[in-house]
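S.K.: Below you'll find the structure I mean.
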Amino acid sequence: MSGYELHVISNGKLSWTELAAVVAKIYPYVTAIHIREKKKSLDEIFLGVQFLIESGIPSKSLYINGYPSIVTAAALGGLQLQGSTPPLSTLKEFCQGVQRTGVSIHSAEEAKQREREGADYVMFGHIFATNSKLGIPPRGLESLRDVAAQVSIPIIAIGGMRPERVSSVLEAGASGIAVMSGIWEAEDPVEAVKAYANELERKEVG
């Protein structure tokens, strides 16, 4: 996909029906919808993904957090792994057929390590203060700049992303952003997605 990336991450609070209703409207504007459902089992997530696809959402628009088997079985767009994941080389057999693999990282060292292991992108944060990480100081734009200077794979910035912050994040070297509460807690998630997408597009054209 050309241009800057926009990843939207599910918050684990919606039913599959509620999630499908929103995702059906926002997927044309985003790079990926991450299904991040920590409280649900593999089977529940697999059935939920099937429901989303049957609701008309393209499988390639969906990424799964943590389950390579679902990604390959449903031919999804990508796999997102947490920072504590073992070296990717040890997961090769599980990840065969996965088109795109991203790993959450918290430092330039981790980013370089994951790039060497073959990650397609890394997710770095949290950049700004966010309610989902209360009490943990944000890493800030300087840290993002440091990571961006040391790896060549895309860096997706996460944490406290608001449309008015997009420009500074991209200038610091991010290839895109990931948003959770900025979408799901918005009065109109579709308008919220468009606001982020417009900022990314404006930067691309500018």
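The way I read the labels, and the way they are meant: chains A, B, ... in the order of the structure tokens, residue 1 as the first residue of every chain, and ligand 1 as the first ligand shown, with later ones counted on from there.
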Counting only C-alpha atoms, what is within 10 Å of range 79-95 of chain A, bar same-chain residues fewer than 3 positions away, as a ChimeraX atom specification?
M.R.: /A:34-36,62-72,76,98-106,110-111,113-124
S.K.: Next, dump the selected residues to file, keeping only N, CA and C atoms, as a compact mmCIF listing (two decimals), in the first residue's frame.
M.R.:
# COMPACT_ATOMS: atom_id res chain seq x y z
N HIS A 34 -7.19 -3.99 13.19
CA HIS A 34 -6.58 -5.02 14.04
C HIS A 34 -7.64 -5.58 14.98
N ILE A 35 -7.83 -6.88 14.92
CA ILE A 35 -8.74 -7.53 15.87
C ILE A 35 -7.91 -7.92 17.09
N ARG A 36 -8.08 -7.12 18.14
CA ARG A 36 -7.28 -7.30 19.37
C ARG A 36 -8.27 -7.55 20.50
N LEU A 62 -8.22 -7.07 7.39
CA LEU A 62 -8.18 -7.50 8.79
C LEU A 62 -6.80 -8.04 9.18
N TYR A 63 -6.31 -7.57 10.33
CA TYR A 63 -5.09 -8.11 10.94
C TYR A 63 -5.52 -8.71 12.28
N ILE A 64 -4.80 -9.75 12.70
CA ILE A 64 -5.12 -10.36 14.00
C ILE A 64 -3.95 -10.17 14.95
N ASN A 65 -4.27 -9.87 16.20
CA ASN A 65 -3.22 -9.80 17.21
C ASN A 65 -3.01 -11.17 17.84
N GLY A 66 -1.87 -11.77 17.50
CA GLY A 66 -1.42 -12.95 18.24
C GLY A 66 -1.76 -14.34 17.75
N TYR A 67 -2.54 -14.50 16.70
CA TYR A 67 -2.91 -15.87 16.28
C TYR A 67 -2.58 -16.13 14.81
N PRO A 68 -1.34 -16.58 14.52
CA PRO A 68 -0.96 -16.84 13.13
C PRO A 68 -1.92 -17.79 12.43
N SER A 69 -2.44 -18.78 13.17
CA SER A 69 -3.28 -19.80 12.54
C SER A 69 -4.56 -19.19 11.96
N ILE A 70 -5.10 -18.17 12.64
CA ILE A 70 -6.32 -17.52 12.12
C ILE A 70 -5.98 -16.72 10.87
N VAL A 71 -4.82 -16.05 10.90
CA VAL A 71 -4.40 -15.24 9.75
C VAL A 71 -4.30 -16.10 8.50
N THR A 72 -3.66 -17.27 8.64
CA THR A 72 -3.46 -18.12 7.46
C THR A 72 -4.76 -18.81 7.07
N LEU A 76 -6.04 -13.54 5.98
CA LEU A 76 -6.14 -12.15 6.41
C LEU A 76 -4.93 -11.34 5.95
N VAL A 98 1.61 -16.09 6.13
CA VAL A 98 1.22 -14.77 6.65
C VAL A 98 1.84 -13.71 5.74
N GLN A 99 1.01 -12.83 5.20
CA GLN A 99 1.51 -11.84 4.23
C GLN A 99 2.34 -10.75 4.88
N ARG A 100 1.93 -10.35 6.07
CA ARG A 100 2.61 -9.21 6.70
C ARG A 100 2.63 -9.42 8.21
N THR A 101 3.81 -9.30 8.80
CA THR A 101 3.95 -9.49 10.25
C THR A 101 4.52 -8.24 10.88
N GLY A 102 3.81 -7.74 11.90
CA GLY A 102 4.30 -6.58 12.66
C GLY A 102 4.52 -6.97 14.10
N VAL A 103 5.47 -6.29 14.76
CA VAL A 103 5.76 -6.57 16.16
C VAL A 103 5.75 -5.26 16.94
N SER A 104 5.16 -5.29 18.14
CA SER A 104 5.20 -4.12 19.01
C SER A 104 6.60 -4.00 19.60
N ILE A 105 7.14 -2.79 19.60
CA ILE A 105 8.49 -2.57 20.15
C ILE A 105 8.47 -1.35 21.06
N HIS A 106 9.48 -1.27 21.92
CA HIS A 106 9.53 -0.18 22.90
C HIS A 106 10.87 0.54 22.91
N GLU A 110 15.10 -2.91 20.15
CA GLU A 110 14.09 -3.92 19.81
C GLU A 110 13.70 -3.79 18.33
N ALA A 111 13.59 -2.56 17.87
CA ALA A 111 13.21 -2.34 16.46
C ALA A 111 14.25 -2.96 15.53
N GLN A 113 16.36 -5.34 16.21
CA GLN A 113 16.32 -6.80 16.36
C GLN A 113 15.19 -7.39 15.52
N ARG A 114 14.00 -6.79 15.60
CA ARG A 114 12.85 -7.32 14.86
C ARG A 114 13.04 -7.14 13.35
N GLU A 115 13.69 -6.06 12.96
CA GLU A 115 13.96 -5.88 11.53
C GLU A 115 14.89 -6.99 11.04
N ARG A 116 15.91 -7.30 11.83
CA ARG A 116 16.84 -8.38 11.45
C ARG A 116 16.12 -9.72 11.35
N GLU A 117 15.12 -9.91 12.23
CA GLU A 117 14.38 -11.18 12.25
C GLU A 117 13.39 -11.30 11.08
N GLY A 118 13.14 -10.18 10.41
CA GLY A 118 12.26 -10.25 9.24
C GLY A 118 10.89 -9.64 9.41
N ALA A 119 10.67 -8.85 10.49
CA ALA A 119 9.36 -8.17 10.64
C ALA A 119 9.14 -7.23 9.46
N ASP A 120 7.89 -7.12 9.03
CA ASP A 120 7.55 -6.23 7.92
C ASP A 120 7.35 -4.79 8.38
N TYR A 121 6.97 -4.64 9.65
CA TYR A 121 6.84 -3.30 10.23
C TYR A 121 6.90 -3.46 11.75
N VAL A 122 7.11 -2.35 12.45
CA VAL A 122 7.04 -2.37 13.92
C VAL A 122 6.04 -1.33 14.38
N MET A 123 5.43 -1.59 15.55
CA MET A 123 4.50 -0.64 16.14
C MET A 123 5.15 -0.10 17.41
N PHE A 124 5.31 1.22 17.48
CA PHE A 124 6.06 1.84 18.58
C PHE A 124 5.19 2.82 19.34
S.K.: Give me every helix (DSSP H, G or I) residue in range 16-203 of chain A, going by DSSP on the backbone, as a PyMOL selection string.
M.R.: chain A and resi 16-29+42-54+59-61+68-73+88-95+108-117+131-133+140-150+163-171+181-184+189-203
S.K.: I'd like the contact shell of range 164-172 of chain A - 8 Å cut-off, only C-alpha atoms, skipping same-chain residues fewer than 6 positions apart - returned as an NGL selection string.
M.R.: :A and (141-142 or 144-145 or 148 or 157 or 196 or 199-200 or 203)
S.K.: Skipping near chain neighbours, those fewer than 4 positions away, what residues fall within 9 Å of Leu52 in chain A using only C-alpha atoms, listed as a ChimeraX atom specification?
M.R.: /A:16-17,19-20,23-24,47-48,56-59
S.K.: From the options A:Ala197, A:Ser107, A:Phe51, A:Glu187, which residue's atoms come nearest to Ala21 in chain A, counting only C-alpha atoms?
M.R.: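 The shortest atom-to-atom distance to Ala21 in chain A comes from A:Phe51.
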S.K.: Name the residues of range 21-201 of chain A that come out as strand (DSSP E) in a backbone DSSP run; write them as number ranges by chain.
M.R.: A: 32-35, 62-65, 78-81, 101-105, 121-125, 155-158, 176-179
S.K.: Report as a list in words all protein, DNA and RNA residues lying within 10 Å of Gly159 in chain A, evaluated on only C-alpha atoms, omitting residues in the same chain fewer than 5 positions from it.
M.R.: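 Residues meeting the cut-off are Phe124, Gly125, His126, Ile127, Phe128, Ala129, Thr130, Asn131, Ser132, Lys133, Pro138, Arg139, Gly140, Ile177, Ala178, Val179, Met180, Ser181 and Gly182 of chain A.
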S.K.: Produce a file of the selected residues containing N, CA, C and O atoms, as a short mmCIF file (atom, residue, chain, number, x, y, z; two decimals), in the first residue's frame.
M.R.:
data_model
loop_
_atom_site.label_atom_id
_atom_site.label_comp_id
_atom_site.auth_asym_id
_atom_site.auth_seq_id
_atom_site.Cartn_x
_atom_site.Cartn_y
_atom_site.Cartn_z
N PHE A 124 5.31 1.22 17.48
CA PHE A 124 6.06 1.84 18.58
C PHE A 124 5.19 2.82 19.34
O PHE A 124 4.51 3.66 18.77
N GLY A 125 5.26 2.73 20.67
CA GLY A 125 4.50 3.66 21.50
C GLY A 125 4.71 3.35 22.98
O GLY A 125 5.56 2.53 23.30
N HIS A 126 3.92 4.03 23.81
CA HIS A 126 2.97 5.04 23.37
C HIS A 126 3.70 6.39 23.25
O HIS A 126 4.53 6.74 24.07
N ILE A 127 3.33 7.11 22.19
CA ILE A 127 4.02 8.35 21.87
C ILE A 127 3.55 9.49 22.77
O ILE A 127 4.34 10.25 23.32
N PHE A 128 2.23 9.60 22.92
CA PHE A 128 1.65 10.64 23.77
C PHE A 128 0.91 9.98 24.93
O PHE A 128 0.60 8.79 24.88
N ALA A 129 0.63 10.78 25.97
CA ALA A 129 -0.12 10.24 27.11
C ALA A 129 -1.47 9.71 26.63
O ALA A 129 -2.11 10.30 25.76
N THR A 130 -1.88 8.59 27.20
CA THR A 130 -3.14 7.97 26.79
C THR A 130 -3.80 7.31 27.98
O THR A 130 -3.13 6.81 28.88
N ASN A 131 -5.14 7.32 27.98
CA ASN A 131 -5.89 6.74 29.11
C ASN A 131 -5.65 5.24 29.25
O ASN A 131 -5.85 4.67 30.31
N SER A 132 -5.24 4.58 28.15
CA SER A 132 -5.04 3.13 28.25
C SER A 132 -3.69 2.80 28.90
O SER A 132 -3.40 1.65 29.19
N LYS A 133 -2.85 3.82 29.10
CA LYS A 133 -1.55 3.59 29.75
C LYS A 133 -1.34 4.61 30.87
O LYS A 133 -0.30 5.24 30.97
N PRO A 138 4.78 8.79 28.54
CA PRO A 138 4.86 8.53 27.11
C PRO A 138 6.31 8.58 26.62
O PRO A 138 7.16 9.24 27.23
N ARG A 139 6.57 7.92 25.51
CA ARG A 139 7.94 7.88 24.98
C ARG A 139 8.29 9.13 24.18
O ARG A 139 9.45 9.50 24.08
N GLY A 140 7.30 9.76 23.60
CA GLY A 140 7.52 11.06 22.96
C GLY A 140 8.11 10.99 21.56
O GLY A 140 8.53 9.94 21.08
N ILE A 177 0.12 5.66 11.58
CA ILE A 177 -0.36 5.72 12.96
C ILE A 177 -1.34 4.59 13.24
O ILE A 177 -1.95 4.04 12.31
N ALA A 178 -1.47 4.26 14.52
CA ALA A 178 -2.49 3.30 14.96
C ALA A 178 -3.37 4.00 15.98
O ALA A 178 -2.87 4.72 16.85
N VAL A 179 -4.67 3.79 15.86
CA VAL A 179 -5.63 4.48 16.72
C VAL A 179 -6.60 3.47 17.32
O VAL A 179 -7.05 2.55 16.65
N MET A 180 -6.91 3.69 18.61
CA MET A 180 -7.93 2.86 19.24
C MET A 180 -9.06 3.74 19.76
O MET A 180 -10.09 3.90 19.12
N SER A 181 -8.85 4.39 20.92
CA SER A 181 -9.94 5.16 21.53
C SER A 181 -10.37 6.34 20.66
O SER A 181 -11.53 6.73 20.67
N GLY A 182 -9.44 6.89 19.87
CA GLY A 182 -9.78 8.02 19.00
C GLY A 182 -10.86 7.68 18.00
O GLY A 182 -11.53 8.56 17.46
#
S.K.: Give the answer as one residue: which of A:Ala108, A:Val193, A:Asn11, A:Trp184 has the shortest atom-to-atom distance to Ile155 in chain A, using only C-alpha atoms?
M.R.: A:Ala108
S.K.: Which one of A:Gly160, A:Ile26, A:Ile136, A:Thr31 sits closest to Gly3 in chain A if you count only C-alpha atoms?
M.R.: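 Looking at the shortest contact to Gly3 in chain A, the residue is A:Thr31.
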S.K.: One decimal, in Å: what's the spacing between CA of Ser175 in chain A and CA of Ile53 in chain A?
M.R.: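 Computing the Euclidean distance for CA of Ser175 in chain A and CA of Ile53 in chain A yields 27.2 Å.
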